[in-house]
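**Q** So here's work.json, just JSON, C-alpha atoms:
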```json
[["chain", "number", "residue", "atom", "x", "y", "z"],
["A", 54, "MET", "CA", 0.00, 0.00, 0.00],
["A", 55, "LEU", "CA", 1.40, 3.37, -1.05],
["A", 56, "THR", "CA", 0.61, 6.31, 1.19],
["A", 57, "SER", "CA", 0.87, 9.95, 0.23],
["A", 58, "VAL", "CA", 3.29, 12.04, 2.21],
["A", 59, "ILE", "CA", 2.03, 15.47, 3.11],
["A", 60, "LYS", "CA", 4.50, 18.25, 2.44],
["A", 61, "HIS", "CA", 3.54, 21.09, 4.77],
["A", 62, "PRO", "CA", 4.50, 24.74, 4.16],
["A", 63, "ALA", "CA", 6.82, 26.08, 6.88],
["A", 64, "TRP", "CA", 3.97, 28.10, 8.45],
["A", 65, "CYS", "CA", 1.53, 25.15, 8.59],
["A", 66, "ASP", "CA", 0.59, 23.86, 12.04],
["A", 67, "PRO", "CA", 0.05, 20.08, 11.69],
["A", 68, "THR", "CA", -2.44, 20.17, 14.61],
["A", 69, "GLU", "CA", -4.62, 22.63, 12.63],
["A", 70, "CYS", "CA", -3.99, 21.13, 9.16],
["A", 71, "ASP", "CA", -6.59, 18.97, 7.45],
["A", 72, "ALA", "CA", -4.92, 18.83, 4.01],
["A", 73, "ASP", "CA", -5.33, 15.50, 2.27],
["A", 74, "PRO", "CA", -3.05, 15.13, -0.77],
["A", 75, "GLY", "CA", -4.87, 11.94, -1.77],
["A", 76, "THR", "CA", -8.16, 13.74, -2.38],
["A", 77, "GLY", "CA", -6.86, 17.29, -2.81],
["A", 78, "ARG", "CA", -9.29, 18.43, -0.12],
["A", 79, "GLY", "CA", -8.75, 20.27, 3.10],
["A", 80, "CYS", "CA", -6.28, 23.05, 3.78],
["A", 81, "HIS", "CA", -2.87, 23.66, 5.20],
["A", 82, "GLN", "CA", -3.55, 26.00, 8.09],
["A", 83, "ALA", "CA", -1.44, 28.11, 10.40],
["A", 84, "LYS", "CA", -2.31, 28.40, 14.06],
["A", 85, "PRO", "CA", -5.06, 31.06, 14.29],
["A", 86, "MET", "CA", -4.06, 34.52, 15.54],
["A", 87, "THR", "CA", -6.87, 35.76, 17.74],
["A", 88, "VAL", "CA", -8.33, 39.17, 18.42],
["A", 89, "PRO", "CA", -9.95, 38.92, 21.87],
["A", 90, "TYR", "CA", -13.60, 39.70, 22.56],
["A", 91, "HIS", "CA", -14.37, 43.35, 23.38],
["A", 92, "ASP", "CA", -17.55, 44.20, 25.29],
["A", 93, "GLN", "CA", -18.23, 47.52, 23.55],
["A", 94, "SER", "CA", -17.70, 46.26, 20.01],
["A", 95, "ARG", "CA", -19.33, 42.93, 20.91],
["A", 96, "SER", "CA", -16.90, 41.14, 18.65],
["A", 97, "SER", "CA", -13.82, 38.97, 18.41],
["A", 98, "ALA", "CA", -11.89, 37.69, 15.43],
["A", 99, "SER", "CA", -9.26, 35.28, 14.25],
["A", 100, "VAL", "CA", -6.84, 35.47, 11.37],
["A", 101, "LEU", "CA", -5.19, 32.48, 9.78],
["A", 102, "VAL", "CA", -3.05, 31.58, 6.80],
["A", 103, "VAL", "CA", -4.39, 28.81, 4.56],
["A", 104, "SER", "CA", -3.62, 27.08, 1.28],
["A", 105, "SER", "CA", -5.00, 24.08, -0.57],
["A", 106, "PRO", "CA", -2.77, 21.08, -1.24],
["A", 107, "GLY", "CA", -0.96, 21.46, -4.56],
["A", 108, "GLU", "CA", -1.87, 25.16, -4.88],
["A", 109, "THR", "CA", 0.77, 27.88, -4.94],
["A", 110, "GLN", "CA", -1.54, 30.67, -3.74],
["A", 111, "THR", "CA", -1.58, 31.35, 0.00],
["A", 112, "TRP", "CA", -4.67, 33.02, 1.43],
["A", 113, "ILE", "CA", -5.42, 34.92, 4.61],
["A", 114, "CYS", "CA", -8.76, 34.09, 6.21],
["A", 115, "ILE", "CA", -10.42, 36.52, 8.61],
["A", 116, "ASP", "CA", -13.19, 35.12, 10.80],
["A", 117, "LEU", "CA", -15.27, 37.74, 12.63],
["A", 118, "HIS", "CA", -17.55, 36.72, 15.48],
["A", 119, "THR", "CA", -20.02, 39.41, 16.46],
["A", 120, "VAL", "CA", -23.62, 40.13, 17.43],
["A", 121, "ASP", "CA", -26.13, 41.35, 14.84],
["A", 122, "VAL", "CA", -28.62, 44.19, 15.37],
["A", 123, "GLN", "CA", -31.16, 41.77, 16.87],
["A", 124, "GLY", "CA", -28.58, 40.60, 19.43],
["A", 125, "GLU", "CA", -28.06, 37.22, 17.76],
["A", 126, "PRO", "CA", -24.57, 35.75, 17.28],
["A", 127, "ALA", "CA", -23.25, 36.25, 13.74],
["A", 128, "GLU", "CA", -20.12, 34.99, 12.03],
["A", 129, "TYR", "CA", -18.47, 36.31, 8.89],
["A", 130, "SER", "CA", -15.49, 34.91, 7.00],
["A", 131, "GLN", "CA", -13.46, 36.66, 4.35],
["A", 132, "LEU", "CA", -10.65, 35.21, 2.28],
["A", 133, "LEU", "CA", -8.01, 37.74, 1.22],
["A", 134, "ALA", "CA", -5.12, 37.46, -1.21],
["A", 135, "ARG", "CA", -1.80, 38.08, 0.54],
["A", 136, "GLU", "CA", -1.44, 41.52, -1.11],
["A", 137, "GLN", "CA", -4.88, 42.55, 0.17],
["A", 138, "ALA", "CA", -4.01, 41.33, 3.67],
["A", 139, "ARG", "CA", -0.80, 43.37, 3.75],
["A", 140, "ILE", "CA", -2.64, 46.54, 2.67],
["A", 141, "LEU", "CA", -5.47, 45.92, 5.15],
["A", 142, "GLY", "CA", -2.91, 45.33, 7.90],
["A", 143, "ARG", "CA", -1.20, 48.65, 7.19],
["A", 144, "HIS", "CA", -4.56, 50.47, 7.16],
["A", 145, "LEU", "CA", -5.65, 48.84, 10.42],
["A", 146, "GLN", "CA", -2.35, 49.66, 12.09],
["A", 147, "ARG", "CA", -2.56, 53.32, 11.02],
["A", 148, "ALA", "CA", -6.23, 53.60, 12.06],
["A", 149, "GLY", "CA", -5.42, 52.03, 15.44],
["A", 150, "GLU", "CA", -2.56, 54.49, 15.97],
["A", 151, "LEU", "CA", -4.83, 57.44, 15.10],
["A", 152, "ALA", "CA", -7.54, 56.17, 17.45],
["A", 153, "MET", "CA", -4.99, 55.76, 20.26],
["A", 154, "GLN", "CA", -3.75, 59.34, 19.71],
["A", 155, "THR", "CA", -7.33, 60.62, 19.79],
["A", 156, "SER", "CA", -8.10, 58.64, 22.97],
["A", 157, "CYS", "CA", -4.95, 59.98, 24.68],
["A", 158, "ALA", "CA", -5.89, 63.55, 23.72],
["A", 159, "HIS", "CA", -9.35, 63.10, 25.27],
["A", 160, "ASP", "CA", -7.90, 61.47, 28.41],
["A", 161, "GLY", "CA", -5.47, 64.34, 29.05]]
```
Translate the structure described by the file into structure tokens.

**A**
Amino acid sequence: MLTSVIKHPAWCDPTECDADPGTGRGCHQAKPMTVPYHDQSRSSASVLVVSSPGETQTWICIDLHTVDVQGEPAEYSQLLAREQARILGRHLQRAGELAMQTSCAHDG
């Protein structure tokens, strides 16, 4: 019996990975990076790196867990190309810095 050997990308966490080279299903997955729950925004998130077996494209998946306007739990997932993720990351970092500056100005 011949078994397929899984070749994991360096960032892949084998405990998170469900890639199956025999069927081509599943994904290589990095350990999720979490954004903790915040009471005022009523949300949390996780970000992870994924790719399908045999594919060269690596994707960034953002999972947002929040509460909708009726107070019911809601989940949203978005897959981003790596270039989109880098741009979004820069925008989020800059927006966070601006918000921190504004908060400090109001605190003082």

**Q** Rank nothing, just name the residue among A:Thr155, A:Thr68, A:Thr119, A:Gln146 nearest to Pro89 of chain A, using only C-alpha atoms.

**A** A:Thr119

**Q** How many Å lie between atom CA of Gly79 of chain A and atom CA of Leu117 of chain A, rounded to one decimal?

**A**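 Those two atoms sit 20.9 Å apart.
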
**Q** Hey, which of A:Glu128, A:Glu150, A:Glu108, A:Glu136 ends up closest to Cys80 of chain A? Count only C-alpha atoms.

**A**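 Residue with the minimum atom-to-atom distance to Cys80 of chain A: A:Glu108.
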
**Q** Name all residues at most 12 Å from Tyr129 of chain A (count only C-alpha atoms; drop same-chain ones fewer than 5 positions away) and give them as a list in words.

**A** Ser96, Ser97, Ala98, Ser99, Val100, Cys114, Ile115, Asp116, Leu117, His118, Thr119, Val120 and Asp121 of chain A

**Q** Would you compute the distance between atom CA of Asp73 of chain A and atom CA of Pro85 of chain A? Give it in Å to one decimal.

**A** 19.7 Å

**Q** One decimal, Å: what's the distance from atom CA of Ala127 of chain A over to atom CA of Val103 of chain A, could you say?

**A**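 These atoms are spaced 22.3 Å apart.
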
**Q** Using all atoms listed in the file for the distances, tell me which of A:Val122, A:Leu151, A:Cys70, A:Ala138 is nearest to Arg95 of chain A.

**A**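 That would be A:Val122, the residue with the smallest distance to Arg95 of chain A.
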
**Q** Please, what is the axis-aligned box for every listed atom of segment 66-72 of chain A with 4 Å on each side, as centre and edge lengths in Å to one decimal, as lines of an AutoDock Vina configuration file?

**A**
```
center_x = -3.0
center_y = 21.3
center_z = 9.3
size_x = 15.2
size_y = 13.0
size_z = 18.6
```

**Q** Need the shell around Thr76 of chain A: protein/DNA/RNA residues with any atom at most 12 Å away, counting all atoms listed in the file. Skip same-chain ones fewer than 2 positions apart. Format as number ranges by chain?

**A** A: 57, 59, 71-74, 78-80, 105-107

**Q** Counting all atoms listed in the file, select every polymer residue within 10 Å of (-1.9, 32.9, 3.8) as defined in the file's coordinates, and provide the selection as a VMD selection string.

**A** chain A and resid 64 to 65 81 to 83 100 to 104 110 to 114 132 to 136 138

**Q** Keeping C-alpha atoms for every residue in the selection just given, could you write it to a file as a PDB file, in the frame of the given file?

**A**
```
ATOM      1  CA  TRP A  64       3.970  28.100   8.450  1.00  0.00           C
ATOM      2  CA  CYS A  65       1.530  25.150   8.590  1.00  0.00           C
ATOM      3  CA  HIS A  81      -2.870  23.660   5.200  1.00  0.00           C
ATOM      4  CA  GLN A  82      -3.550  26.000   8.090  1.00  0.00           C
ATOM      5  CA  ALA A  83      -1.440  28.110  10.400  1.00  0.00           C
ATOM      6  CA  VAL A 100      -6.840  35.470  11.370  1.00  0.00           C
ATOM      7  CA  LEU A 101      -5.190  32.480   9.780  1.00  0.00           C
ATOM      8  CA  VAL A 102      -3.050  31.580   6.800  1.00  0.00           C
ATOM      9  CA  VAL A 103      -4.390  28.810   4.560  1.00  0.00           C
ATOM     10  CA  SER A 104      -3.620  27.080   1.280  1.00  0.00           C
ATOM     11  CA  GLN A 110      -1.540  30.670  -3.740  1.00  0.00           C
ATOM     12  CA  THR A 111      -1.580  31.350   0.000  1.00  0.00           C
ATOM     13  CA  TRP A 112      -4.670  33.020   1.430  1.00  0.00           C
ATOM     14  CA  ILE A 113      -5.420  34.920   4.610  1.00  0.00           C
ATOM     15  CA  CYS A 114      -8.760  34.090   6.210  1.00  0.00           C
ATOM     16  CA  LEU A 132     -10.650  35.210   2.280  1.00  0.00           C
ATOM     17  CA  LEU A 133      -8.010  37.740   1.220  1.00  0.00           C
ATOM     18  CA  ALA A 134      -5.120  37.460  -1.210  1.00  0.00           C
ATOM     19  CA  ARG A 135      -1.800  38.080   0.540  1.00  0.00           C
ATOM     20  CA  GLU A 136      -1.440  41.520  -1.110  1.00  0.00           C
ATOM     21  CA  ALA A 138      -4.010  41.330   3.670  1.00  0.00           C
TER      22      ALA A 138
END
```

**Q** Would you output segment 70-92 of chain A from that structure, restricted to N, CA and C atoms, as a PDB file, in the first residue's frame?

**A**
```
ATOM      1  N   CYS A  70      -3.931  21.509  10.579  1.00  0.00           N
ATOM      2  CA  CYS A  70      -3.993  21.134   9.164  1.00  0.00           C
ATOM      3  C   CYS A  70      -4.949  19.964   8.923  1.00  0.00           C
ATOM      4  N   ASP A  71      -5.755  20.093   7.865  1.00  0.00           N
ATOM      5  CA  ASP A  71      -6.593  18.971   7.449  1.00  0.00           C
ATOM      6  C   ASP A  71      -6.400  18.676   5.957  1.00  0.00           C
ATOM      7  N   ALA A  72      -5.227  19.063   5.423  1.00  0.00           N
ATOM      8  CA  ALA A  72      -4.918  18.833   4.011  1.00  0.00           C
ATOM      9  C   ALA A  72      -4.780  17.340   3.743  1.00  0.00           C
ATOM     10  N   ASP A  73      -5.397  16.902   2.671  1.00  0.00           N
ATOM     11  CA  ASP A  73      -5.328  15.504   2.266  1.00  0.00           C
ATOM     12  C   ASP A  73      -4.855  15.449   0.818  1.00  0.00           C
ATOM     13  N   PRO A  74      -3.561  15.133   0.596  1.00  0.00           N
ATOM     14  CA  PRO A  74      -3.051  15.126  -0.770  1.00  0.00           C
ATOM     15  C   PRO A  74      -3.696  14.049  -1.639  1.00  0.00           C
ATOM     16  N   GLY A  75      -4.223  13.005  -1.014  1.00  0.00           N
ATOM     17  CA  GLY A  75      -4.874  11.939  -1.775  1.00  0.00           C
ATOM     18  C   GLY A  75      -6.135  12.399  -2.472  1.00  0.00           C
ATOM     19  N   THR A  76      -6.903  13.251  -1.807  1.00  0.00           N
ATOM     20  CA  THR A  76      -8.160  13.739  -2.378  1.00  0.00           C
ATOM     21  C   THR A  76      -8.054  15.169  -2.875  1.00  0.00           C
ATOM     22  N   GLY A  77      -6.999  15.878  -2.446  1.00  0.00           N
ATOM     23  CA  GLY A  77      -6.863  17.293  -2.810  1.00  0.00           C
ATOM     24  C   GLY A  77      -7.785  18.190  -2.004  1.00  0.00           C
ATOM     25  N   ARG A  78      -8.375  17.648  -0.956  1.00  0.00           N
ATOM     26  CA  ARG A  78      -9.294  18.431  -0.117  1.00  0.00           C
ATOM     27  C   ARG A  78      -8.613  18.874   1.153  1.00  0.00           C
ATOM     28  N   GLY A  79      -9.291  19.762   1.861  1.00  0.00           N
ATOM     29  CA  GLY A  79      -8.747  20.272   3.102  1.00  0.00           C
ATOM     30  C   GLY A  79      -7.778  21.401   2.837  1.00  0.00           C
ATOM     31  N   CYS A  80      -7.192  21.914   3.898  1.00  0.00           N
ATOM     32  CA  CYS A  80      -6.276  23.047   3.779  1.00  0.00           C
ATOM     33  C   CYS A  80      -5.111  22.913   4.737  1.00  0.00           C
ATOM     34  N   HIS A  81      -3.971  23.404   4.272  1.00  0.00           N
ATOM     35  CA  HIS A  81      -2.872  23.659   5.197  1.00  0.00           C
ATOM     36  C   HIS A  81      -3.309  24.891   5.972  1.00  0.00           C
ATOM     37  N   GLN A  82      -3.110  24.879   7.279  1.00  0.00           N
ATOM     38  CA  GLN A  82      -3.550  26.004   8.095  1.00  0.00           C
ATOM     39  C   GLN A  82      -2.502  26.351   9.142  1.00  0.00           C
ATOM     40  N   ALA A  83      -2.290  27.638   9.320  1.00  0.00           N
ATOM     41  CA  ALA A  83      -1.436  28.111  10.404  1.00  0.00           C
ATOM     42  C   ALA A  83      -2.266  28.148  11.678  1.00  0.00           C
ATOM     43  N   LYS A  84      -1.600  28.233  12.795  1.00  0.00           N
ATOM     44  CA  LYS A  84      -2.307  28.400  14.060  1.00  0.00           C
ATOM     45  C   LYS A  84      -3.030  29.751  14.005  1.00  0.00           C
ATOM     46  N   PRO A  85      -4.319  29.793  14.357  1.00  0.00           N
ATOM     47  CA  PRO A  85      -5.061  31.065  14.294  1.00  0.00           C
ATOM     48  C   PRO A  85      -4.472  32.132  15.226  1.00  0.00           C
ATOM     49  N   MET A  86      -4.448  33.355  14.737  1.00  0.00           N
ATOM     50  CA  MET A  86      -4.064  34.518  15.541  1.00  0.00           C
ATOM     51  C   MET A  86      -5.377  35.156  15.974  1.00  0.00           C
ATOM     52  N   THR A  87      -5.576  35.314  17.264  1.00  0.00           N
ATOM     53  CA  THR A  87      -6.875  35.762  17.743  1.00  0.00           C
ATOM     54  C   THR A  87      -6.887  37.233  18.141  1.00  0.00           C
ATOM     55  N   VAL A  88      -8.034  37.831  17.941  1.00  0.00           N
ATOM     56  CA  VAL A  88      -8.331  39.175  18.424  1.00  0.00           C
ATOM     57  C   VAL A  88      -9.374  38.951  19.516  1.00  0.00           C
ATOM     58  N   PRO A  89      -9.044  39.251  20.779  1.00  0.00           N
ATOM     59  CA  PRO A  89      -9.951  38.920  21.873  1.00  0.00           C
ATOM     60  C   PRO A  89     -11.280  39.673  21.814  1.00  0.00           C
ATOM     61  N   TYR A  90     -12.269  39.099  22.467  1.00  0.00           N
ATOM     62  CA  TYR A  90     -13.601  39.702  22.558  1.00  0.00           C
ATOM     63  C   TYR A  90     -13.513  41.049  23.266  1.00  0.00           C
ATOM     64  N   HIS A  91     -14.289  42.012  22.777  1.00  0.00           N
ATOM     65  CA  HIS A  91     -14.367  43.346  23.384  1.00  0.00           C
ATOM     66  C   HIS A  91     -15.836  43.639  23.650  1.00  0.00           C
ATOM     67  N   ASP A  92     -16.151  43.985  24.889  1.00  0.00           N
ATOM     68  CA  ASP A  92     -17.550  44.200  25.287  1.00  0.00           C
ATOM     69  C   ASP A  92     -18.246  45.294  24.478  1.00  0.00           C
TER      70      ASP A  92
END
```
